[in-house]
Each structure stands twice: as structure tokens, then as C-alpha cells.
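Since the structure comes first, as C-alpha cells, the remarks are kept for the end.
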Number of protein chains: 6
Amino acid sequence: MVFVTRKAHFSAAHRLFNPEFTDEENERIFDKCNNPRGHGHNYTIEVTVAGEPDPKTGYVIDLKKLGELIDDVILSKVDHKHLNYDVPELKGIIPTAENIALTFWNLLEPHIHSGKLSKIRVAESDNNFAEYRGVGY
Amino acid sequence: MVFVTRKAHFSAAHRLFNPEFTDEENERIFDKCNNPRGHGHNYTIEVTVAGEPDPKTGYVIDLKKLGELIDDVILSKVDHKHLNYDVPELKGIIPTAENIALTFWNLLEPHIHSGKLSKIRVAESDNNFAEYRGVGY
Amino acid sequence: MVFVTRKAHFSAAHRLFNPEFTDEENERIFDKCNNPRGHGHNYTIEVTVAGEPDPKTGYVIDLKKLGELIDDVILSKVDHKHLNYDVPELKGIIPTAENIALTFWNLLEPHIHSGKLSKIRVAESDNNFAEYRGVGY
Amino acid sequence: MVFVTRKAHFSAAHRLFNPEFTDEENERIFDKCNNPRGHGHNYTIEVTVAGEPDPKTGYVIDLKKLGELIDDVILSKVDHKHLNYDVPELKGIIPTAENIALTFWNLLEPHIHSGKLSKIRVAESDNNFAEYRGVGY
Amino acid sequence: MVFVTRKAHFSAAHRLFNPEFTDEENERIFDKCNNPRGHGHNYTIEVTVAGEPDPKTGYVIDLKKLGELIDDVILSKVDHKHLNYDVPELKGIIPTAENIALTFWNLLEPHIHSGKLSKIRVAESDNNFAEYRGVGY
Amino acid sequence: MVFVTRKAHFSAAHRLFNPEFTDEENERIFDKCNNPRGHGHNYTIEVTVAGEPDPKTGYVIDLKKLGELIDDVILSKVDHKHLNYDVPELKGIIPTAENIALTFWNLLEPHIHSGKLSKIRVAESDNNFAEYRGVGY
């Protein structure tokens with residue numbers, strides 16, 4: 001088994017809050033991430049696919065094609081957007097790195113036909129990231 | 001002359017548009033940076049101070065103190081904010097990296113008493129940055 | 001299961017030597033890392049916690065709080081210190097990246113109450129790092 | 001179990017093509033990676049070894065010695081070379097990151113006598129990498 | 001005056017040799033960079049433009065448009081190519097980072113109509129780079 | 001004029017204090033950098049040389065040879081050392097980044113015979129660095 005990874009980047013705004021919390025709870029729990037107009041990040045995502053290299057091409061999956069798929073299925077929806085308002089798939093979901101990773105997994109997984117989707121990492125800064133991993137990672 | 005630099009980081013949302021332009025002009029000129037709810041970045045700033053090292057301390061300026069000054073004078077105003085709405089010093093200013101660098105220069109310059117402020121760099125991503133430089137850089 | 005990671009940084013001096021070895025053995029085995037007065041590094045640590053995101057917050061663990069915990073429990077003891085002399089928890093332990101990772105795990109693990117501690121990585125340079133992983137990583 | 005990793009770097013040219021494909025197939029499948037004279041990369045490799053730290057040294061494996069081994073067994077063969085022509089171990093193999101990782105594993109594995117080889121990552125750019133992992137990674 | 005910079009990336013093969021030198025001279029002077037089939041790099045280029053921000057847009061030059069210009073005028077000619085054979089503008093020129101920077105300056109300078117081209121940096125690795133600077137940098 | 005730069009790395013311990021200060025002054029001025037046993041960093045240095053590329057080689061200066069010179073003249077003295085005790089050239093000098101840059105300039109400048117030494121940057125972390133620049137930088 002070989003694991004191949006493609007990294008991609010997007011920039012977006014978000015705000016962490018839960019409409020079921022009071023303002024005080026949102027403030028206490030989400031702190032400065034609860035700024036009403038939002039703040040933003042340069043997000044980095046890493047998509048890992050596991051499989052056997054095809055003996056004819058040497059590829060588990062063509063990483064250039066995987067990059068185009070990430071562009072089409074994920075980046076076109078989130079790049080230069082406000083994640084709380086502009087992305088239907090994130091409606092009603094608190095856009096933490098954890099939840100963004102899960103949402104991206106669900107968006108991308110049906111499109112992976114060479115190898116199996118193994119991991120999605122979403123980093124909102126150099127210091128903070130979340131990973132969702134499939135079975136057998 | 002020695003030039004010392006302190007790097008700092010903040011995360012913010014912004015939107016590029018000019019209220020004097022039509023919607024079509026804003027769209028054509030600012031493209032995806034014109035998304036109405038804004039988008040965001042992990043900004044990096046570099047502040048450079050020029051001077052002679054003090055023979056008693058070996059410092060042009062104490063970079064730890066310079067870091068605290070950047071926190072007080074700049075980061076406390078912009079970190080986890082929406083630059084178009086939450087920062088009085090940017091009111092009426094299109095928040096491009098160029099204009100942010102100029103604004104930060106004006107905020108910080110009066111507070112530099114060891115050496116002279118020489119350069120402020122504002123990067124909105126790994127690939128895009130702007131620098132404002134003082135005389136004699 | 002989602003895995004979230006917080007990165008942190010500290011600067012410290014250390015020296016690799018074993019008091020049970022002769023000087024020649026220490027020299028041969030630890031080479032330039034055996035310099036008597038020590039040398040130093042900018043260490044990077046990554047702390048990974050595994051769990052289910054809390055549906056109310058979207059967090060496995062609040063990474064800002066995890067960062068404060070790392071500050072309190074680890075960085076306050078090691079940042080700007082000499083690891084061989086100034087850190088009681090490392091007394092009698094050769095401060096390799098391997099042993100530092102194990103020591104940090106023991107310091108931090110009792111404090112993780114959201115999710116389970118899954119991995120601690122300690123990097124002493126861009127090229128060298130050690131990871132201690134818990135069960136089910 | 002502790003996992004230690006050593007990173008190393010080399011620069012090389014390569015070309016992706018399969019002599020059993022027609023020119024049109026090579027062009028369609030490998031696209032710009034099929035440029036006849038080749039193109040090149042600054043490759044980064046990460047070698048991970050798993051084991052128990054030796055209580056006398058604190059090392060799973062001496063990372064400086066592991067670095068010298070990587071130099072001798074791998075870098076001396078591939079650094080500043082054209083991977084399609086100059087490296088006997090890659091003869092007849094399409095030099096994708098996947099296949100390079102497998103080839104490096106086979107070259108290095110017999111030489112690891114402290115701990116067990118656990119993973120080899122080969123990155124051909126910041127955005128693309130492949131990993132081969134041993135049992136129990 | 002504000003200086004704005006756009007970074008871009010390409011991958012290419014090259015070989016350093018001078019046809020007027022003997023094989024021994026090429027070997028002695030260019031060492032491993034003289035490998036007959038070439039080797040390669042992930043090159044990074046930084047293009048800096050100096051000027052006054054336009055008060056209507058806040059831009060010295062639209063960095064997205066500058067990026068597209070770099071794609072059209074430079075990257076389309078060199079990305080995934082062998083610099084010694086595939087790039088007419090480098091014919092007869094030893095493709096050192098110095099000469100590549102000069103060549104890129106000559107390619108790009110006639111196309112910069114907002115602000116003035118101020119600097120081009122060409123990095124062939126994290127450790128080696130060359131800059132060509134215009135007057136008044 | 002072209003400016004070429006070579007980056008290099010070393011790891012060292014240091015302590016900031018002035019023997020003419022009282023303990024209280026050293027503590028107040030140098031804060032945690034005054035830890036008696038020292039602390040340490042992974043230092044990065046950048047050496048920039050300015051000149052015309054030699055038409056026969058395309059080099060301002062051979063960066064591989066410049067790297068060997070940095071190894072011989074600088075790194076061999078400071079790598080894996082305690083800067084306060086093990087480096088004769090720093091005796092009696094407070095080892096701030098500013099003073100280290102000046103010391104390295106004086107060590108290296110007499111050895112640069114192709115082009116002219118233009119700048120030395122010494123970074124003690126990603127966030128803090130000092131540059132000494134020659135005339136005409």
C-alpha cells in the first residue's frame with residue numbers, strides 16, 4: 001500500500017458561534033473566534049489516497065487530476081468565500097477545522113475512483129489543524 | 001547600521017471594493033476579492049528597525065519589546081477582526097496589502113524610540129506581499 | 001474519529017551525554033552533541049488529540065485551550081532553559097528528542113479531558129523529529 | 001514505541017513516460033510531465049524508524065548516523081542526476097513519487113539495524129508526496 | 001513608494017556547462033551541476049513592482065493580474081521544461097540562477113505598465129538564490 | 001548588478017547578559033534570555049554577495065564554494081557550541097543576533113574575492129532576525 005497526498009490552499013472568512021447558545025456562552029466558548037462579522041484564514045488542505053500503484057502509470061492516482069478534482073469539488077465552493085454564509089454544504093454547521101474536514105470528506109469521497117480516500121487534513125493556520133481518517137489509515 | 005526584524009501573525013477577514021464604483025466595476029476590478037461577506041487570510045507582518053546596536057545591550061531594539069509593541073498597537077486592533085468593519089484606522093480605506101502596510105506604519109512609527117522604523121511588510125499569503133519603506137532603507 | 005493538532009515552539013539548550021560512559025564513549029557516541037557547555041535548538045512540538053467533535057461546539061478539544069495547557073504544563077518548564085540542568089522532570093534522562101517526547105507525554109496526558117491524547121511530536125530541527133503515539137493512533 | 005524521522009533533500013531531473021504507450025497515450029496520461037528532455041524537482045525524503053529508545057543512549061537510532069546512511073545508500077545515487085538514465089535501481093521503472101518511495105525502501109531497509117524501518121515519504125514538491133509504510137506503522 | 005511582490009513556482013531541469021570549456025574544466029568548475037543529462041529543481045521566483053498605490057483601487061499593481069502575466073510570459077515557457085533545450089530565450093546562456101533572473105527581467109519588464117519593475121528573485125532551492133534589481137530598488 | 005544569496009544553518013546555545021550590569025539589571029533587560037545556563041536556537045544565516053556574473057560561468061560567485069567557505073570560516077566555529085564560552089571571536093561580546101551578524105561579517109569579508117559581500121542576515125528564530133549590510137546594498 002502506498003499513500004499519496006495532494007496539498008491545496010484557499011482563503012476564506014468564518015465565524016464560530018452556535019445559535020442555540022446565548023451571546024455570553026458564545027463569547028465565553030468561542031472567544032475571539034466569535035467576532036460577529038467574522039475573521040479569516042489561509043486554509044491548507046491535504047488529501048491522502050491509499051492504494052497500489054498502477055503498474056502501467058506508476059500512479060496510485062494522478063495527483064494532477066486529484067488537484068483538479070479538489071479544485072472542482074471543494075475549492076470552487078469555498079475559496080474567497082465566507083464559510084458561514086456562502087457554502088450550502090456548511091449551512092447549520094459550526095465551521096471548525098474538525099467540521100470542515102468532515103464536510104470535505106463527504107464532498108470528495110464519492111469522486112475517488114483510483115485508490116481509496118484515506119485522510120483529509122484541514123489546517124487553519126501553521127499551528128492548528130484537524131484530520132479525518134478513513135478505515136485502515 | 002544594523003537592521004533588525006520582528007515577524008508577527010494575525011488572522012482577519014476583508015473585502016476589496018470601492019463604494020464609488022458600480023457593482024460591475026467592483027466585480028471586474030476586484031474579482032473574487034469582492035465577495036460581499038468577505039473572505040480572509042492569515043496575515044504575516046514584518047517590522048524592520050534600523051540603527052546602531054547599543055554597546056551595553058547589543059540591541060538595536062529589544063525584539064521582545066518590539067513584539068509586545070506590535071501586539072499592543074497593531075494586533076490588538078486587527079487580529080480576528082473584519083478589517084472593513086472593525087478597525088477605525090482602516091475606515092474608508094480599501095484594505096489591500098499596500099494600504100494595510102501604510103496604515104500600520106502610521107500606527108507604529110510614533111512608538112519607535114530605539115533606532116528608526118525602516119520597513120513594514122504585510123503578507124496576505126505566501127505568494128502576495130507589500131512593503132512600505134522609510135528613507136534610507 | 002477526528003484528530004486535531006496544536007503546534008507550539010520553544011528554545012532551549014541541551015547536551016547529550018551519559019554519566020556512566022567514559023569521556024571517549026560520550027565523544028564517540030554523541031559526537032558534537034556532547035559539547036560540554038551544550039548547544040541548542042528551536043524545538044517544535046505537535047500535540048494530537050483524537051475524539052468525536054462535540055456537536056454543540058464542533059470541537060474535539062478547543063485548540064486555543066490546548067495551547068494554553070501546553071504553555072502551562074510544558075513550555076513554562078522548558079522555554080529558554082537548559083534541559084540538562086533546569087528541568088526537574090528531565091533529571092537523569094538523556095534529553096534526546098525521543099526522551100523529551102516521552103517526558104512531555106507523561107506531563108500532558110493527565111490534563112487531557114476532551115478526547116484522548118494520541119501523539120506528541122518533538123522536532124529539534126527541520127530535519128530531525130521523534131513521535132510518541134498512544135494506542136489507536 | 002517511538003517513531004523517529006530524518007529528512008533529507010536532493011535535486012534531480014525525471015520524465016514520466018511508458019515505452020509501451022504510444023506518444024499520444026504518454027502525452028494524454030503524463031501531460032507536461034512527459035516533456036522528452038525531462039524536467040526536475042527539489043525532492044524531500046523523510047525516513048521514519050520505529051523502536052524502543054535504547055536506555056543507554058536515549059536513541060531509537062542515531063539520526064546523524066541515519067542521515068549518513070541515507071547519504072550513502074540513496075543520495076549518492078540520485079542527487080543531481082537524471083532519474084531515468086543515471087540510476088540503475090530505477091531502470092525500467094516509471095519514476096513517479098510512488099515508485100521512487102518503493103525503490104528507496106528496498107535500498108534502505110537492509111541497512112536498518114536499530115529499530116525497524118516504518119515509513120518512507122518522497123515529496124517532489126510542497127504539494128505532492130507519496131509514502132510507503134511498513135507493517136505496524 | 002510601496003513595493004509589492006508576487007511569488008510563483010515552476011519545476012525544470014537544467015545542466016551547467018560551457019561548450020567553450022574542456023570536459024575537465026566543465027567538471028572542475030560546475031561539478032555535480034554538470035551531469036550530462038541534467039538534474040532539476042523546484043524554482044521559486046519573486047517579482048517586485050514599486051509604485052504609488054492607485055487611490056481608486058489601493059493597488060500598486062493587481063497582484064492577481066501580475067500572477068497571470070508571470071504565467072503567460074515566464075511560466076508557460078519554463079515550467080516542466082529542460083532549460084538548456086526547450087527555452088529559446090535561454091539558448092546559448094548558462095542557466096545559472098543569475099542568468100535566469102536576468103532573462104526573466106528582460107521578458108517581463110516590457111509588460112509592466114502599473115508601477116516599475118524593481119526586483120526579480122530566482123531561487124533554485126531553499127538555500128540558493130539570485131536577485132536582479134532595477135535602479136532605485 | 002546581481003545579488004546572490006546562500007543560506008546555512010547551525011545550532012548553538014547562548015546567554016544574554018552584561019557582566020557590568022547587576023543581576024537585577026540583567027534580569028530586567030534580558031529577561032528569560034538571561035537564564036544562567038543558557039538556552040539555544042537553530043540559527044539560520046544568509047550571506048549575500050553582489051557583482052556582475054562572470055560571462056564564462058554565469059556565476060557572481062559559485063554558491064557551492066560560498067557554502068564551503070561559510071562552513072570553514074563560520075559554521076566550524078559555532079555549530080553545536082555555546083556561543084558565550086566556545087567561540088573566541090565572540091569573547092566579551094553579548095551574543096545578540098545584531099552582534100553575531102557583525103562578527104560573522106568580519107570573519108567572512110576578507111575571504112570574498114568574487115563580487116563584494118553585501119549583506120549578512122542572522123535569524124535566531126522564524127520571528128527574529130538581524131542584518132548587517134555593506135555600502136551599496
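If you're wondering about the labels, chains in the C-alpha cells are A, B, ... by order shown, residues count from 1 in each chain, ligands from 1 in order shown.
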Set the cut-off to 12 Å and count only C-alpha atoms: what are the residues of chain D that reach chain C? Output as a ChimeraX atom specification.
/D:1-9,44-67,136-137
Considering only C-alpha atoms, return as a PyMOL selection string whatever protein or nucleic-acid residues lie within 12 Å of Asp86 (chain E), sequence-local ones (same chain, fewer than 3 positions apart) excluded.
(chain D and resi 35-39) or (chain E and resi 12-14+76-83+89-92+95)
Can you check which residues of region 3-137 of chain A DSSP gives as helix (DSSP H, G or I) on the backbone and send them as a PDB file with C-alpha atoms, in the first residue's frame?
```pdb
ATOM      1  CA  ASP A  23     -24.339  35.666  23.459  1.00  0.00           C
ATOM      2  CA  GLU A  24     -22.465  35.170  26.727  1.00  0.00           C
ATOM      3  CA  GLU A  25     -21.974  31.460  26.052  1.00  0.00           C
ATOM      4  CA  ASN A  26     -20.792  32.116  22.500  1.00  0.00           C
ATOM      5  CA  GLU A  27     -18.401  34.742  23.814  1.00  0.00           C
ATOM      6  CA  ARG A  28     -17.055  32.521  26.565  1.00  0.00           C
ATOM      7  CA  ILE A  29     -16.721  29.383  24.447  1.00  0.00           C
ATOM      8  CA  PHE A  30     -15.575  30.775  21.103  1.00  0.00           C
ATOM      9  CA  ASP A  31     -13.820  33.882  22.427  1.00  0.00           C
ATOM     10  CA  LYS A  32     -12.243  35.992  19.668  1.00  0.00           C
ATOM     11  CA  CYS A  33     -13.374  33.437  17.027  1.00  0.00           C
ATOM     12  CA  ASN A  34     -16.910  34.708  17.737  1.00  0.00           C
ATOM     13  CA  LEU A  63      -2.060  13.850  -8.386  1.00  0.00           C
ATOM     14  CA  LYS A  64      -2.607  16.471 -11.080  1.00  0.00           C
ATOM     15  CA  LYS A  65      -6.082  15.061 -11.688  1.00  0.00           C
ATOM     16  CA  LEU A  66      -6.658  14.836  -7.932  1.00  0.00           C
ATOM     17  CA  GLY A  67      -5.717  18.507  -7.740  1.00  0.00           C
ATOM     18  CA  GLU A  68      -8.266  19.361 -10.427  1.00  0.00           C
ATOM     19  CA  LEU A  69     -10.901  17.340  -8.580  1.00  0.00           C
ATOM     20  CA  ILE A  70     -10.137  19.233  -5.342  1.00  0.00           C
ATOM     21  CA  ASP A  71     -10.495  22.478  -7.302  1.00  0.00           C
ATOM     22  CA  ASP A  72     -13.844  21.457  -8.773  1.00  0.00           C
ATOM     23  CA  VAL A  73     -15.449  19.755  -5.795  1.00  0.00           C
ATOM     24  CA  ILE A  74     -14.049  21.796  -2.893  1.00  0.00           C
ATOM     25  CA  LEU A  75     -12.122  24.975  -3.743  1.00  0.00           C
ATOM     26  CA  SER A  76     -14.706  26.327  -6.187  1.00  0.00           C
ATOM     27  CA  LYS A  77     -17.172  26.310  -3.282  1.00  0.00           C
ATOM     28  CA  VAL A  78     -15.033  27.809  -0.511  1.00  0.00           C
ATOM     29  CA  PRO A  88     -24.577  25.454   1.209  1.00  0.00           C
ATOM     30  CA  GLU A  89     -22.806  22.284   2.416  1.00  0.00           C
ATOM     31  CA  LEU A  90     -21.772  24.082   5.630  1.00  0.00           C
ATOM     32  CA  ALA A  97     -11.488  22.735  11.280  1.00  0.00           C
ATOM     33  CA  GLU A  98     -12.977  19.445  12.523  1.00  0.00           C
ATOM     34  CA  ASN A  99     -16.327  20.026  10.821  1.00  0.00           C
ATOM     35  CA  ILE A 100     -14.752  21.416   7.661  1.00  0.00           C
ATOM     36  CA  ALA A 101     -12.653  18.236   7.351  1.00  0.00           C
ATOM     37  CA  LEU A 102     -15.752  16.038   7.715  1.00  0.00           C
ATOM     38  CA  THR A 103     -17.682  18.115   5.176  1.00  0.00           C
ATOM     39  CA  PHE A 104     -14.854  17.961   2.658  1.00  0.00           C
ATOM     40  CA  TRP A 105     -14.591  14.185   3.119  1.00  0.00           C
ATOM     41  CA  ASN A 106     -18.265  13.794   2.252  1.00  0.00           C
ATOM     42  CA  LEU A 107     -17.898  16.040  -0.777  1.00  0.00           C
ATOM     43  CA  LEU A 108     -14.788  14.338  -2.145  1.00  0.00           C
ATOM     44  CA  GLU A 109     -15.168  10.651  -1.260  1.00  0.00           C
ATOM     45  CA  PRO A 110     -17.733   9.743  -3.965  1.00  0.00           C
ATOM     46  CA  HIS A 111     -15.356  11.064  -6.635  1.00  0.00           C
TER      47      HIS A 111
END
```
From a DSSP pass on the backbone, collect the residues of chain D flagged as strand (DSSP E or B) and hand them back as a ChimeraX atom specification.
/D:2-14,39-51,81-82,116-123,128-133
Hey, can you check how far CA of Glu124 (chain B) sits from CA of Tyr43 (chain D)?
27.1 Å
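Coordinates place CA of Gly40 (chain D) at a distance of 10.9 Å from CA of Arg15 (chain E).
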